[in-house]
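Undergrad: Sharing structure-v1.cif here; it has mmCIF, C-alpha atoms.
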data_query
loop_
_atom_site.label_atom_id
_atom_site.label_comp_id
_atom_site.auth_asym_id
_atom_site.auth_seq_id
_atom_site.Cartn_x
_atom_site.Cartn_y
_atom_site.Cartn_z
CA MET A 1 129.16 117.76 142.64
CA ALA A 2 131.24 120.51 141.12
CA HIS A 3 130.50 124.19 140.70
CA VAL A 4 131.75 125.35 137.28
CA LEU A 5 132.24 128.98 136.33
CA LEU A 6 131.83 128.82 132.55
CA VAL A 7 133.24 131.67 130.46
CA VAL A 8 131.76 131.60 126.95
CA GLY A 9 134.01 133.37 124.45
CA GLY A 10 133.07 134.64 121.02
CA GLY A 11 133.25 132.42 117.97
CA ILE A 12 130.98 130.14 116.04
CA ALA A 13 131.84 127.24 118.37
CA ALA A 14 130.04 129.03 121.22
CA TYR A 15 126.89 127.10 120.34
CA LYS A 16 128.58 123.95 121.70
CA SER A 17 128.78 125.56 125.14
CA LEU A 18 124.99 125.23 125.39
CA GLU A 19 125.16 121.46 125.02
CA LEU A 20 128.05 121.34 127.49
CA VAL A 21 125.92 123.20 130.05
CA ARG A 22 123.13 120.69 129.47
CA LEU A 23 125.54 117.78 130.08
CA LEU A 24 126.95 119.36 133.23
CA LYS A 25 123.51 120.07 134.66
CA LYS A 26 122.25 116.58 133.79
CA ALA A 27 125.16 115.15 135.78
CA GLY A 28 124.16 117.30 138.77
CA HIS A 29 126.81 120.02 138.55
CA GLN A 30 126.21 123.73 139.16
CA VAL A 31 127.07 126.08 136.29
CA THR A 32 127.47 129.85 136.60
CA PRO A 33 127.79 131.34 133.11
CA VAL A 34 129.84 134.37 132.11
CA LEU A 35 129.12 135.57 128.59
CA THR A 36 131.73 137.74 126.86
CA LYS A 37 130.78 140.54 124.47
CA GLY A 38 131.99 138.34 121.61
CA GLY A 39 130.03 135.38 122.93
CA GLU A 40 126.84 137.47 122.89
CA HIS A 41 127.05 137.48 119.09
CA PHE A 42 126.72 133.68 118.96
CA VAL A 43 124.56 132.58 121.91
CA THR A 44 122.00 134.46 123.96
CA ALA A 45 122.05 135.08 127.67
CA MET A 46 118.47 133.76 127.72
CA SER A 47 119.41 130.34 126.33
CA LEU A 48 122.57 130.08 128.42
CA GLY A 49 120.83 131.11 131.64
CA THR A 50 117.85 128.86 131.03
CA LEU A 51 120.02 125.79 130.51
CA ALA A 52 122.31 126.68 133.44
CA GLU A 53 119.35 127.56 135.69
CA SER A 54 121.50 130.49 136.78
CA PRO A 55 121.84 134.20 136.08
CA VAL A 56 124.29 135.02 133.29
CA HIS A 57 127.01 137.52 134.11
CA SER A 58 128.38 139.70 131.36
CA SER A 59 129.50 143.04 132.73
CA LEU A 60 132.11 144.06 135.22
CA TRP A 61 129.92 147.05 135.94
CA GLU A 62 126.78 145.31 137.18
CA LEU A 63 126.20 147.67 140.09
CA LYS A 64 124.45 145.22 142.41
CA ASP A 65 127.28 142.70 142.11
CA GLU A 66 130.14 145.18 142.13
CA VAL A 67 129.00 146.92 145.33
CA GLU A 68 130.03 143.66 146.98
CA ILE A 69 133.08 143.27 144.71
CA GLY A 70 131.19 140.61 142.79
CA HIS A 71 133.97 139.78 140.34
CA ILE A 72 136.16 138.57 143.22
CA GLN A 73 133.31 136.55 144.72
CA LEU A 74 132.49 134.98 141.34
CA SER A 75 136.13 134.06 140.77
CA ARG A 76 136.34 132.29 144.11
CA SER A 77 132.91 130.67 144.38
CA ALA A 78 133.44 127.95 141.77
CA ASP A 79 135.53 124.80 142.01
CA PHE A 80 137.13 125.68 138.68
CA ILE A 81 136.79 128.01 135.71
CA LEU A 82 136.24 126.65 132.21
CA VAL A 83 136.71 128.93 129.20
CA CYS A 84 134.77 127.38 126.32
CA PRO A 85 135.27 128.36 123.61
CA ALA A 86 138.57 130.10 124.27
CA THR A 87 139.24 132.37 121.30
CA ALA A 88 142.69 133.50 120.17
CA ASP A 89 141.89 136.95 121.55
CA LEU A 90 140.83 135.63 124.95
CA LEU A 91 143.89 133.37 125.17
CA ALA A 92 146.16 136.31 124.30
CA LYS A 93 144.57 138.47 126.99
CA MET A 94 144.94 135.67 129.53
CA ALA A 95 148.59 135.08 128.62
CA ALA A 96 149.32 138.80 128.94
CA GLY A 97 147.50 139.08 132.28
CA MET A 98 144.99 141.58 130.97
CA ALA A 99 141.83 142.37 132.93
CA ASP A 100 139.70 144.63 130.75
CA ASP A 101 136.29 142.99 131.09
CA LEU A 102 134.44 140.67 133.46
CA ALA A 103 135.82 137.44 131.99
CA THR A 104 139.48 138.47 132.01
CA THR A 105 139.15 140.06 135.45
CA LEU A 106 137.68 136.83 136.84
CA LEU A 107 140.47 134.82 135.27
CA LEU A 108 143.13 137.06 136.77
CA ALA A 109 141.48 137.18 140.21
CA THR A 110 140.89 133.46 140.65
CA ASP A 111 142.76 131.10 142.90
CA LYS A 112 140.97 128.09 141.39
CA PRO A 113 142.03 125.79 138.54
CA VAL A 114 141.49 127.23 135.06
CA VAL A 115 140.78 125.09 132.00
CA VAL A 116 140.59 126.42 128.45
CA ALA A 117 139.05 124.76 125.41
CA PRO A 118 140.48 126.69 122.43
CA ALA A 119 138.51 127.07 119.21
CA MET A 120 139.61 129.07 116.19
CA ASN A 121 140.61 128.91 112.55
CA VAL A 122 143.48 126.52 111.83
CA ARG A 123 145.81 129.37 110.77
CA MET A 124 145.06 131.24 113.98
CA TRP A 125 145.70 128.09 116.05
CA LEU A 126 149.02 127.44 114.31
CA HIS A 127 150.17 131.09 114.41
CA PRO A 128 153.38 131.58 116.43
CA ALA A 129 151.66 134.14 118.68
CA THR A 130 148.91 131.69 119.63
CA LEU A 131 151.43 128.89 120.20
CA ARG A 132 153.46 131.26 122.39
CA ASN A 133 150.32 132.23 124.34
CA ILE A 134 149.38 128.58 124.86
CA ALA A 135 152.89 127.81 126.12
CA GLN A 136 152.68 130.76 128.53
CA LEU A 137 149.27 129.67 129.82
CA LYS A 138 150.52 126.12 130.39
CA ALA A 139 153.56 127.53 132.23
CA ASP A 140 151.14 129.55 134.36
CA GLY A 141 149.27 126.36 135.31
CA VAL A 142 146.31 126.69 132.97
CA ARG A 143 145.05 123.37 131.66
CA VAL A 144 144.62 123.41 127.89
CA LEU A 145 142.26 120.96 126.21
CA ASP A 146 143.79 120.56 122.77
CA PRO A 147 141.37 121.32 119.94
CA ASP A 148 140.19 118.71 117.50
CA GLU A 149 141.21 118.52 113.88
CA GLY A 150 138.55 118.76 111.23
CA GLU A 151 136.59 121.00 108.93
CA MET A 152 136.16 124.57 110.12
CA ALA A 153 133.09 126.76 109.73
CA CYS A 154 135.15 128.76 107.20
CA GLY A 155 135.67 125.64 105.07
CA GLU A 156 139.34 125.09 105.96
CA PHE A 157 140.57 121.85 107.52
CA GLY A 158 142.99 121.30 110.39
CA PRO A 159 143.42 121.68 114.13
CA GLY A 160 141.39 124.35 115.88
CA ARG A 161 137.89 122.86 116.14
CA LEU A 162 136.28 122.89 119.54
CA PRO A 163 135.92 119.28 120.72
CA GLU A 164 132.41 117.92 121.00
CA PRO A 165 130.70 118.74 124.31
CA GLN A 166 130.71 115.11 125.49
CA ASP A 167 134.47 114.92 124.85
CA ILE A 168 135.06 118.12 126.84
CA PHE A 169 132.85 116.78 129.64
CA ASP A 170 134.83 113.52 129.67
CA ARG A 171 138.18 115.38 129.77
CA LEU A 172 136.99 117.24 132.87
CA ALA A 173 136.19 114.07 134.82
CA ASP A 174 138.93 114.64 137.41
CA LEU A 175 137.52 118.10 138.24
CA LEU A 176 133.86 117.05 138.20
CA LYS A 177 133.72 115.36 141.56
#
What does this structure look like when you write it as structure tokens?
TA:
Amino acid sequence: MAHVLLVVGGGIAAYKSLELVRLLKKAGHQVTPVLTKGGEHFVTAMSLGTLAESPVHSSLWELKDEVEIGHIQLSRSADFILVCPATADLLAKMAAGMADDLATTLLLATDKPVVVAPAMNVRMWLHPATLRNIAQLKADGVRVLDPDEGEMACGEFGPGRLPEPQDIFDRLADLLK
């Protein structure tokens, strides 16, 4: 069974990460959640941790963990890292190699496969900067799960919707061994 380090970014689609955790756990996988500051606006650490049956990490400055250089250990302990949802901001930080919080530091420090499941407004998804960032991430070896097309929370229609949790789970089959 796989050990997944799940980074939950901010955005309305973050609620789908809870169902994804449930699916992963039901299949016998271990999930260690990392909740970004943006993600905290959409899901709670309590719900994420309860479903994952694991402590939720959210700060680079958690003294107990950082005494032992916890961000490096977290980045190396999983079989792969999944960013779901991956916001335009998080993708941009990843493409630029930024490390200004726990999530981006983990992503820069890892030597494991990284998978992103982008979710954002259609205009943001189709913006040249986002397309450039996606191309850079792919060139860097990051696996990108293309978003679905459909109605957005804002009422617009197009690509940018986070795929359904079962679809994401199915697309990870090769890593979930």
Undergrad: Check the smallest atom-to-atom distance from each of A:Ala95, A:Leu175, A:Leu5, A:Thr110 to Leu131 (chain A) using only C-alpha atoms, then report the winner.
TA: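 Ranking A:Ala95, A:Leu175, A:Leu5, A:Thr110 by distance to Leu131 (chain A), first place goes to A:Ala95.
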Undergrad: Please write the residues picked by the PyMOL selection byres ((chain A and resi 133) around 9) on this file as a ChimeraX atom specification.
TA: /A:88,91-96,128-132,134-138
Undergrad: Taking into account only C-alpha atoms, which residue in the set A:Val34, A:Leu60, A:Ala117, A:Val43 is nearest to Asp167 (chain A)?
TA: A:Ala117
Undergrad: Would you compute the distance between CA of Glu151 (chain A) and CA of Val114 (chain A)? Give it in Å to one decimal.
TA: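 Calculated distance between CA of Glu151 (chain A) and CA of Val114 (chain A) is 27.3 Å.
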Undergrad: In file coordinates, which residues lie within 7 Å of (138.9, 123.3, 115.5) using only C-alpha atoms, given as a PyMOL selection string?
TA: chain A and resi 119-122+147-150+152+158-162
Undergrad: Going by the chain IDs and residue numbers used in this file, which residues fall under the PyMOL selection byres ((chain A and resi 8) around 7)? Write them as a PDB file with C-alpha atoms, in the frame of the given file.
TA:
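Saved the output as part11.pdb:
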ATOM      1  CA  LEU A   6     131.830 128.820 132.550  1.00  0.00           C
ATOM      2  CA  VAL A   7     133.240 131.670 130.460  1.00  0.00           C
ATOM      3  CA  GLY A   9     134.010 133.370 124.450  1.00  0.00           C
ATOM      4  CA  GLY A  10     133.070 134.640 121.020  1.00  0.00           C
ATOM      5  CA  ALA A  14     130.040 129.030 121.220  1.00  0.00           C
ATOM      6  CA  SER A  17     128.780 125.560 125.140  1.00  0.00           C
ATOM      7  CA  VAL A  34     129.840 134.370 132.110  1.00  0.00           C
ATOM      8  CA  LEU A  35     129.120 135.570 128.590  1.00  0.00           C
ATOM      9  CA  THR A  36     131.730 137.740 126.860  1.00  0.00           C
ATOM     10  CA  GLY A  39     130.030 135.380 122.930  1.00  0.00           C
ATOM     11  CA  VAL A  83     136.710 128.930 129.200  1.00  0.00           C
ATOM     12  CA  CYS A  84     134.770 127.380 126.320  1.00  0.00           C
ATOM     13  CA  PRO A  85     135.270 128.360 123.610  1.00  0.00           C
TER      14      PRO A  85
END
Undergrad: Running the PyMOL selection byres ((chain A and resi 44-59) around 12) on this model by hand, what would come out? Give it as a PyMOL selection string.
TA: chain A and resi 3-10+14-26+28-43+60-66+70-71+74-75+100-106
Undergrad: What does the distance from CA of Asp111 (chain A) to CA of Gly11 (chain A) come to in Å, to one decimal?
TA: 26.7 Å
Undergrad: If you count only C-alpha atoms, which residues fall within 6 Å of Val116 (chain A), apart from same-chain ones fewer than 4 positions away, as a CSV table (one decimal) with C-alpha atoms, in the coordinates of the input?
TA:
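Just written: result-v7.csv:
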chain,number,residue,atom,x,y,z
A,82,LEU,CA,136.2,126.6,132.2
A,83,VAL,CA,136.7,128.9,129.2
A,86,ALA,CA,138.6,130.1,124.3
A,144,VAL,CA,144.6,123.4,127.9
Undergrad: Could you tell me how far CA of Gln166 (chain A) lies from CA of His127 (chain A), in Å and to one decimal?
TA: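 Taking CA of Gln166 (chain A) and CA of His127 (chain A), their separation equals 27.5 Å.
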Undergrad: For region 16-34 of chain A, take all atoms listed in the file, fit an axis-aligned box around them, add 4 Å to each of the six sides, then output centre and edge lengths in Å rounded to one decimal, as AutoDock Vina command-line options.
TA:
--center_x 126.0 --center_y 124.8 --center_z 130.4 --size_x 15.6 --size_y 27.2 --size_z 25.5
Undergrad: Counting only C-alpha atoms, which of A:Val142, A:Ala13, A:Ala99, A:Ile72 gets nearest to Pro165 (chain A)?
TA: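 Closest to Pro165 (chain A), using only C-alpha atoms: A:Ala13.
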Undergrad: Dig up all the protein and nucleic acid residues within 12 Å of (137.0, 115.4, 134.0) in the file frame, using all atoms listed in the file, and format them as a VMD selection string.
TA: chain A and resid 1 to 2 4 24 27 80 82 115 143 145 166 to 177
Undergrad: Can region 9-30 of chain A be brought up to N, CA and C atoms and written out as a PDB file, in the frame of the given file?
TA:
ATOM      1  N   GLY A   9     133.378 132.394 125.335  1.00  0.00           N
ATOM      2  CA  GLY A   9     134.010 133.370 124.450  1.00  0.00           C
ATOM      3  C   GLY A   9     133.281 133.454 123.123  1.00  0.00           C
ATOM      4  N   GLY A  10     133.672 134.441 122.326  1.00  0.00           N
ATOM      5  CA  GLY A  10     133.070 134.640 121.020  1.00  0.00           C
ATOM      6  C   GLY A  10     133.635 133.672 119.996  1.00  0.00           C
ATOM      7  N   GLY A  11     132.855 133.358 119.010  1.00  0.00           N
ATOM      8  CA  GLY A  11     133.250 132.420 117.970  1.00  0.00           C
ATOM      9  C   GLY A  11     132.102 131.483 117.678  1.00  0.00           C
ATOM     10  N   ILE A  12     132.082 130.991 116.467  1.00  0.00           N
ATOM     11  CA  ILE A  12     130.980 130.140 116.040  1.00  0.00           C
ATOM     12  C   ILE A  12     130.821 128.906 116.925  1.00  0.00           C
ATOM     13  N   ALA A  13     131.901 128.434 117.520  1.00  0.00           N
ATOM     14  CA  ALA A  13     131.840 127.240 118.370  1.00  0.00           C
ATOM     15  C   ALA A  13     131.103 127.489 119.682  1.00  0.00           C
ATOM     16  N   ALA A  14     130.737 128.724 119.973  1.00  0.00           N
ATOM     17  CA  ALA A  14     130.040 129.030 121.220  1.00  0.00           C
ATOM     18  C   ALA A  14     128.749 128.224 121.366  1.00  0.00           C
ATOM     19  N   TYR A  15     128.140 127.862 120.246  1.00  0.00           N
ATOM     20  CA  TYR A  15     126.890 127.100 120.340  1.00  0.00           C
ATOM     21  C   TYR A  15     127.093 125.778 121.078  1.00  0.00           C
ATOM     22  N   LYS A  16     128.310 125.213 121.013  1.00  0.00           N
ATOM     23  CA  LYS A  16     128.580 123.950 121.700  1.00  0.00           C
ATOM     24  C   LYS A  16     128.579 124.112 123.212  1.00  0.00           C
ATOM     25  N   SER A  17     128.799 125.332 123.691  1.00  0.00           N
ATOM     26  CA  SER A  17     128.780 125.560 125.140  1.00  0.00           C
ATOM     27  C   SER A  17     127.397 125.287 125.718  1.00  0.00           C
ATOM     28  N   LEU A  18     126.355 125.491 124.920  1.00  0.00           N
ATOM     29  CA  LEU A  18     124.990 125.230 125.390  1.00  0.00           C
ATOM     30  C   LEU A  18     124.793 123.737 125.676  1.00  0.00           C
ATOM     31  N   GLU A  19     125.266 122.901 124.797  1.00  0.00           N
ATOM     32  CA  GLU A  19     125.160 121.460 125.020  1.00  0.00           C
ATOM     33  C   GLU A  19     126.030 121.033 126.198  1.00  0.00           C
ATOM     34  N   LEU A  20     127.181 121.657 126.357  1.00  0.00           N
ATOM     35  CA  LEU A  20     128.050 121.340 127.490  1.00  0.00           C
ATOM     36  C   LEU A  20     127.351 121.697 128.805  1.00  0.00           C
ATOM     37  N   VAL A  21     126.686 122.827 128.849  1.00  0.00           N
ATOM     38  CA  VAL A  21     125.920 123.200 130.050  1.00  0.00           C
ATOM     39  C   VAL A  21     124.862 122.148 130.326  1.00  0.00           C
ATOM     40  N   ARG A  22     124.165 121.715 129.295  1.00  0.00           N
ATOM     41  CA  ARG A  22     123.130 120.690 129.470  1.00  0.00           C
ATOM     42  C   ARG A  22     123.718 119.412 130.072  1.00  0.00           C
ATOM     43  N   LEU A  23     124.874 118.981 129.566  1.00  0.00           N
ATOM     44  CA  LEU A  23     125.540 117.780 130.080  1.00  0.00           C
ATOM     45  C   LEU A  23     125.959 117.945 131.542  1.00  0.00           C
ATOM     46  N   LEU A  24     126.524 119.103 131.860  1.00  0.00           N
ATOM     47  CA  LEU A  24     126.950 119.360 133.230  1.00  0.00           C
ATOM     48  C   LEU A  24     125.767 119.350 134.190  1.00  0.00           C
ATOM     49  N   LYS A  25     124.686 120.029 133.804  1.00  0.00           N
ATOM     50  CA  LYS A  25     123.510 120.070 134.660  1.00  0.00           C
ATOM     51  C   LYS A  25     122.877 118.684 134.813  1.00  0.00           C
ATOM     52  N   LYS A  26     122.817 117.925 133.734  1.00  0.00           N
ATOM     53  CA  LYS A  26     122.250 116.580 133.790  1.00  0.00           C
ATOM     54  C   LYS A  26     123.013 115.688 134.764  1.00  0.00           C
ATOM     55  N   ALA A  27     124.320 115.924 134.872  1.00  0.00           N
ATOM     56  CA  ALA A  27     125.160 115.150 135.780  1.00  0.00           C
ATOM     57  C   ALA A  27     125.129 115.710 137.210  1.00  0.00           C
ATOM     58  N   GLY A  28     124.341 116.777 137.430  1.00  0.00           N
ATOM     59  CA  GLY A  28     124.160 117.300 138.770  1.00  0.00           C
ATOM     60  C   GLY A  28     125.107 118.423 139.171  1.00  0.00           C
ATOM     61  N   HIS A  29     125.866 118.954 138.243  1.00  0.00           N
ATOM     62  CA  HIS A  29     126.810 120.020 138.550  1.00  0.00           C
ATOM     63  C   HIS A  29     126.130 121.384 138.479  1.00  0.00           C
ATOM     64  N   GLN A  30     126.692 122.343 139.191  1.00  0.00           N
ATOM     65  CA  GLN A  30     126.210 123.730 139.160  1.00  0.00           C
ATOM     66  C   GLN A  30     127.044 124.494 138.143  1.00  0.00           C
TER      67      GLN A  30
END
